[in-house]
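*Asks:* Sending over data.tsv (TSV, C-alpha atoms).
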chain	number	residue	atom	x	y	z
A	1	MET	CA	-42.84	-72.12	114.99
A	2	LEU	CA	-43.94	-75.29	116.79
A	3	LYS	CA	-45.87	-73.17	119.29
A	4	ASP	CA	-47.69	-71.37	116.45
A	5	PHE	CA	-48.49	-74.68	114.78
A	6	LYS	CA	-49.89	-76.08	118.02
A	7	ALA	CA	-52.04	-72.98	118.49
A	8	PHE	CA	-53.29	-73.31	114.90
A	9	VAL	CA	-54.17	-76.98	115.27
A	10	MET	CA	-55.87	-76.52	118.61
A	11	ARG	CA	-58.20	-73.79	117.35
A	12	GLY	CA	-61.81	-74.86	117.31
A	13	ASN	CA	-62.27	-74.50	113.56
A	14	VAL	CA	-59.46	-76.90	112.69
A	15	LEU	CA	-60.67	-79.55	115.11
A	16	ASP	CA	-64.24	-79.14	113.86
A	17	LEU	CA	-63.01	-79.55	110.29
A	18	ALA	CA	-61.05	-82.69	111.19
A	19	VAL	CA	-64.10	-84.22	112.86
A	20	ALA	CA	-66.26	-83.28	109.86
A	21	VAL	CA	-63.84	-84.94	107.41
A	22	ILE	CA	-63.75	-88.15	109.45
A	23	LEU	CA	-67.53	-88.24	109.80
A	24	GLY	CA	-67.90	-87.42	106.11
A	25	ALA	CA	-65.73	-90.37	105.14
A	26	ALA	CA	-67.74	-92.69	107.38
A	27	PHE	CA	-71.00	-91.26	106.02
A	28	GLY	CA	-69.72	-91.80	102.48
A	29	ALA	CA	-69.18	-95.49	103.21
A	30	ILE	CA	-72.73	-95.76	104.58
A	31	VAL	CA	-74.18	-94.03	101.51
A	32	ASN	CA	-72.19	-96.29	99.17
A	33	SER	CA	-73.56	-99.32	100.97
A	34	LEU	CA	-77.07	-97.88	100.88
A	35	VAL	CA	-76.91	-97.30	97.14
A	36	ASN	CA	-75.08	-100.51	96.18
A	37	ASP	CA	-76.81	-102.90	98.60
A	38	ILE	CA	-80.29	-101.42	99.19
A	39	VAL	CA	-81.35	-98.98	96.44
A	40	MET	CA	-79.87	-100.41	93.24
A	41	PRO	CA	-80.79	-104.13	93.60
A	42	PRO	CA	-84.58	-103.50	93.60
A	43	ILE	CA	-84.20	-101.07	90.69
A	44	GLY	CA	-82.15	-103.69	88.83
A	45	LYS	CA	-84.76	-106.36	89.56
A	46	ILE	CA	-87.57	-104.13	88.30
A	47	LEU	CA	-85.59	-103.46	85.09
A	48	GLY	CA	-85.09	-107.17	84.39
A	49	HIS	CA	-82.36	-108.41	86.75
A	50	VAL	CA	-79.81	-105.80	85.70
A	51	ASP	CA	-76.76	-105.20	87.89
A	52	PHE	CA	-75.92	-101.55	87.35
A	53	LYS	CA	-72.28	-102.05	88.36
A	54	ASP	CA	-71.75	-104.22	85.29
A	55	LEU	CA	-73.34	-101.94	82.69
A	56	PHE	CA	-70.76	-100.80	80.17
A	57	ILE	CA	-70.13	-100.09	76.52
A	58	SER	CA	-67.06	-101.57	74.89
A	59	LEU	CA	-65.35	-99.06	72.65
A	60	ASN	CA	-63.26	-101.55	70.66
A	61	GLY	CA	-66.31	-103.28	69.11
A	62	GLN	CA	-65.77	-106.62	70.83
A	63	SER	CA	-68.31	-108.16	73.19
A	64	TYR	CA	-67.42	-109.04	76.78
A	65	ALA	CA	-69.58	-110.92	79.27
A	66	THR	CA	-68.77	-108.66	82.19
A	67	LEU	CA	-67.05	-105.40	82.96
A	68	ALA	CA	-64.33	-107.31	84.78
A	69	ALA	CA	-63.67	-109.38	81.65
A	70	ALA	CA	-63.41	-106.23	79.55
A	71	LYS	CA	-61.01	-104.64	82.01
A	72	THR	CA	-58.92	-107.82	82.14
A	73	ALA	CA	-58.65	-107.66	78.36
A	74	ALA	CA	-57.62	-104.00	78.70
A	75	ALA	CA	-60.50	-102.99	76.47
A	76	PRO	CA	-61.54	-99.36	76.49
A	77	VAL	CA	-64.98	-99.14	78.07
A	78	ILE	CA	-67.50	-96.58	79.21
A	79	ALA	CA	-68.69	-97.91	82.56
A	80	TYR	CA	-71.95	-95.99	82.72
A	81	GLY	CA	-73.41	-98.32	85.36
A	82	GLN	CA	-70.74	-97.29	87.85
A	83	PHE	CA	-71.40	-93.69	86.91
A	84	LEU	CA	-75.12	-94.17	87.67
A	85	ASN	CA	-74.23	-95.60	91.09
A	86	THR	CA	-71.92	-92.67	91.79
A	87	ALA	CA	-74.53	-90.14	90.65
A	88	ILE	CA	-77.13	-91.70	92.95
A	89	ASN	CA	-74.57	-91.62	95.80
A	90	PHE	CA	-74.09	-87.93	95.16
A	91	LEU	CA	-77.82	-87.21	95.09
A	92	ILE	CA	-78.36	-89.02	98.39
A	93	VAL	CA	-75.45	-87.19	100.05
A	94	ALA	CA	-76.69	-83.85	98.68
A	95	LEU	CA	-80.21	-84.57	99.96
A	96	VAL	CA	-78.97	-85.49	103.43
A	97	ILE	CA	-76.72	-82.43	103.62
A	98	PHE	CA	-79.60	-80.22	102.45
A	99	ILE	CA	-81.87	-81.65	105.15
A	100	ALA	CA	-79.18	-81.26	107.82
A	101	VAL	CA	-78.40	-77.66	106.89
A	102	ARG	CA	-82.08	-76.78	106.65
A	103	SER	CA	-82.75	-78.33	110.07
A	104	ALA	CA	-79.77	-76.56	111.62
A	105	SER	CA	-80.85	-73.22	110.20
A	106	LYS	CA	-84.32	-73.69	111.69
A	107	LEU	CA	-82.79	-74.46	115.09
A	108	ARG	CA	-80.54	-71.41	114.98
A	109	ARG	CA	-82.22	-68.46	116.62
A	110	ALA	CA	-82.13	-65.13	114.90
A	111	PRO	CA	-79.91	-62.69	116.79
A	112	ALA	CA	-81.73	-60.10	118.83
A	113	PRO	CA	-81.86	-56.77	117.04
A	114	ALA	CA	-79.17	-54.41	118.26
A	115	ALA	CA	-80.29	-51.48	120.34
A	116	PRO	CA	-80.31	-48.30	118.29
A	117	ALA	CA	-77.21	-46.16	118.74
A	118	THR	CA	-78.67	-43.00	117.24
A	119	LYS	CA	-81.82	-40.92	117.31
A	120	ASP	CA	-83.07	-38.25	114.95
A	121	CYS	CA	-82.84	-34.58	115.85
A	122	ALA	CA	-86.36	-33.22	116.41
A	123	PHE	CA	-85.50	-30.06	114.45
A	124	CYS	CA	-83.35	-31.08	111.47
A	125	PHE	CA	-83.91	-34.88	111.49
A	126	THR	CA	-80.17	-35.62	111.33
A	127	PRO	CA	-79.11	-38.84	113.06
A	128	ILE	CA	-77.27	-38.06	116.30
A	129	PRO	CA	-75.98	-40.20	119.19
A	130	ILE	CA	-78.65	-41.05	121.76
A	131	PRO	CA	-76.90	-39.39	124.75
A	132	ALA	CA	-76.43	-36.08	122.83
A	133	THR	CA	-78.08	-33.00	124.37
A	134	ARG	CA	-77.33	-30.66	121.45
A	135	CYS	CA	-77.50	-31.40	117.73
A	136	PRO	CA	-74.05	-31.06	116.10
A	137	HIS	CA	-75.66	-30.20	112.78
A	138	CYS	CA	-78.23	-27.50	113.66
A	139	THR	CA	-77.00	-26.79	117.24
A	140	SER	CA	-80.53	-27.05	118.65
A	141	GLN	CA	-80.88	-27.80	122.33
A	142	LEU	CA	-82.41	-31.28	122.67
A	143	THR	CA	-84.72	-32.39	125.42
A	144	ALA	CA	-84.52	-35.89	126.85
Would you mind writing the file out in structure tokens?
*Replies:*
Amino acid sequence: MLKDFKAFVMRGNVLDLAVAVILGAAFGAIVNSLVNDIVMPPIGKILGHVDFKDLFISLNGQSYATLAAAKTAAAPVIAYGQFLNTAINFLIVALVIFIAVRSASKLRRAPAPAAPATKDCAFCFTPIPIPATRCPHCTSQLTA
């Protein structure tokens, strides 16, 4: 059983998947930083010095200065600012993955067309193997 497990783990697909997961996690951290530290601050400044991370709606009717204060008070909130940040993260990741897959598909060469394995009989037009000298369907003698 240990031998089978080792063979499974050492297959190329499993190692490729492990590398992809690790790189994906690192890429996720970069995208989070991009959205939180680069993209959202200028948007917040344009919209009147709004920090999207602190946008929320209190469901208990009371007013709180910040999202942290509402959470400390255990108030039920809809933190739509965090949702906006997460949605923008997703859109950036989806865009980058789309560009990567599109670029990879352009780099991938189309496989050469396979050589034909059959030819048509000159008499009955039935497909027959190329090396055949007699048609199995109409029994005509074929010339090369």
*Asks:* Considering all atoms listed in the file, state which residue in the set A:Ala29, A:Val35, A:Ala75, A:Ile46 is at the smallest distance from Asn60 (chain A).
*Replies:* A:Ala75
*Asks:* Please provide as a PyMOL selection string all residues within 12 Å of Ala74 (chain A), with the sequence filter that same-chain residues fewer than 6 positions apart are discarded (counting all atoms listed in the file).
*Replies:* chain A and resi 58-60+62+64+67-68
*Asks:* Using all atoms listed in the file, which protein or nucleic acid residues come within 9 Å of Ile57 (chain A)? Drop anything in the same chain fewer than 4 positions from it, and give the result as a ChimeraX atom specification.
*Replies:* /A:61,63,67,76-80
*Asks:* Please indicate the distance in Å from CA of Thr118 (chain A) to CA of Ile130 (chain A), rounded to one decimal place.
*Replies:* 4.9 Å
*Asks:* Please report, as a tab-separated table, each residue of region 66-111 of chain A lying at most 12 Å from region 1-25 of chain A, together with the nearest pair of atoms and the separation in Å rounded to one decimal; use all atoms listed in the file, and order rows by chain and ascending residue number.
*Replies:*
residue	atom	partner	partner_atom	distance
A:Val93	CA	A:Gly24	CA	9.7
A:Val96	CA	A:Gly24	CA	11.6
A:Ile97	CA	A:Gly24	CA	10.4
*Asks:* What would the file look like if the residues just selected were written as a compact mmCIF listing (two decimals), in the coordinates of the input with C-alpha atoms?
*Replies:*
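Below is the file part_15.txt, written as the result:
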# COMPACT_ATOMS: atom_id res chain seq x y z
CA VAL A 93 -75.45 -87.19 100.05
CA VAL A 96 -78.97 -85.49 103.43
CA ILE A 97 -76.72 -82.43 103.62
*Asks:* For Asp51 (chain A), which of A:Ala26, A:Val39, A:Ser33, A:Lys119 is the closest residue, counting all atoms listed in the file?
*Replies:*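 Checking each candidate against Asp51 (chain A), we get A:Val39 as the closest.
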*Asks:* Start from the incomplete input, build N, CA and C atoms for region 117-139 of chain A, and deliver everything as an mmCIF file, in the coordinates of the input.
*Replies:*
data_model
loop_
_atom_site.group_PDB
_atom_site.id
_atom_site.type_symbol
_atom_site.label_atom_id
_atom_site.label_comp_id
_atom_site.auth_asym_id
_atom_site.auth_seq_id
_atom_site.Cartn_x
_atom_site.Cartn_y
_atom_site.Cartn_z
ATOM 1 N N ALA A 117 -78.290 -46.990 118.202
ATOM 2 C CA ALA A 117 -77.210 -46.160 118.740
ATOM 3 C C ALA A 117 -77.435 -44.687 118.445
ATOM 4 N N THR A 118 -78.416 -44.403 117.599
ATOM 5 C CA THR A 118 -78.670 -43.000 117.240
ATOM 6 C C THR A 118 -80.154 -42.693 117.351
ATOM 7 N N LYS A 119 -80.449 -41.424 117.380
ATOM 8 C CA LYS A 119 -81.820 -40.920 117.310
ATOM 9 C C LYS A 119 -81.817 -39.760 116.326
ATOM 10 N N ASP A 120 -82.979 -39.373 115.883
ATOM 11 C CA ASP A 120 -83.070 -38.250 114.950
ATOM 12 C C ASP A 120 -83.303 -36.958 115.715
ATOM 13 N N CYS A 121 -82.636 -35.914 115.272
ATOM 14 C CA CYS A 121 -82.840 -34.580 115.850
ATOM 15 C C CYS A 121 -84.283 -34.161 115.560
ATOM 16 N N ALA A 122 -84.962 -33.624 116.568
ATOM 17 C CA ALA A 122 -86.360 -33.220 116.410
ATOM 18 C C ALA A 122 -86.509 -32.010 115.490
ATOM 19 N N PHE A 123 -85.419 -31.283 115.241
ATOM 20 C CA PHE A 123 -85.500 -30.060 114.450
ATOM 21 C C PHE A 123 -85.037 -30.254 113.011
ATOM 22 N N CYS A 124 -83.875 -30.932 112.839
ATOM 23 C CA CYS A 124 -83.350 -31.080 111.470
ATOM 24 C C CYS A 124 -83.368 -32.533 110.984
ATOM 25 N N PHE A 125 -83.775 -33.450 111.814
ATOM 26 C CA PHE A 125 -83.910 -34.880 111.490
ATOM 27 C C PHE A 125 -82.593 -35.545 111.080
ATOM 28 N N THR A 126 -81.482 -35.015 111.546
ATOM 29 C CA THR A 126 -80.170 -35.620 111.330
ATOM 30 C C THR A 126 -79.940 -36.679 112.394
ATOM 31 N N PRO A 127 -79.401 -37.843 112.031
ATOM 32 C CA PRO A 127 -79.110 -38.840 113.060
ATOM 33 C C PRO A 127 -78.002 -38.333 113.990
ATOM 34 N N ILE A 128 -78.244 -38.481 115.289
ATOM 35 C CA ILE A 128 -77.270 -38.060 116.300
ATOM 36 C C ILE A 128 -77.186 -39.140 117.361
ATOM 37 N N PRO A 129 -76.084 -39.206 118.120
ATOM 38 C CA PRO A 129 -75.980 -40.200 119.190
ATOM 39 C C PRO A 129 -77.095 -40.008 120.221
ATOM 40 N N ILE A 130 -77.556 -41.103 120.803
ATOM 41 C CA ILE A 130 -78.650 -41.050 121.760
ATOM 42 C C ILE A 130 -78.333 -40.164 122.971
ATOM 43 N N PRO A 131 -77.133 -40.210 123.564
ATOM 44 C CA PRO A 131 -76.900 -39.390 124.750
ATOM 45 C C PRO A 131 -76.695 -37.892 124.454
ATOM 46 N N ALA A 132 -76.689 -37.485 123.176
ATOM 47 C CA ALA A 132 -76.430 -36.080 122.830
ATOM 48 C C ALA A 132 -77.532 -35.177 123.398
ATOM 49 N N THR A 133 -77.126 -33.989 123.861
ATOM 50 C CA THR A 133 -78.080 -33.000 124.370
ATOM 51 C C THR A 133 -78.191 -31.797 123.429
ATOM 52 N N ARG A 134 -77.286 -31.741 122.429
ATOM 53 C CA ARG A 134 -77.330 -30.660 121.450
ATOM 54 C C ARG A 134 -76.999 -31.282 120.090
ATOM 55 N N CYS A 135 -77.717 -30.869 119.085
ATOM 56 C CA CYS A 135 -77.500 -31.400 117.730
ATOM 57 C C CYS A 135 -76.234 -30.780 117.150
ATOM 58 N N PRO A 136 -75.264 -31.613 116.683
ATOM 59 C CA PRO A 136 -74.050 -31.060 116.100
ATOM 60 C C PRO A 136 -74.283 -30.421 114.727
ATOM 61 N N HIS A 137 -75.389 -30.733 114.106
ATOM 62 C CA HIS A 137 -75.660 -30.200 112.780
ATOM 63 C C HIS A 137 -76.370 -28.835 112.840
ATOM 64 N N CYS A 138 -77.462 -28.755 113.617
ATOM 65 C CA CYS A 138 -78.230 -27.500 113.660
ATOM 66 C C CYS A 138 -78.055 -26.768 115.000
ATOM 67 N N THR A 139 -77.316 -27.340 115.897
ATOM 68 C CA THR A 139 -77.000 -26.790 117.240
ATOM 69 C C THR A 139 -78.231 -26.544 118.099
#
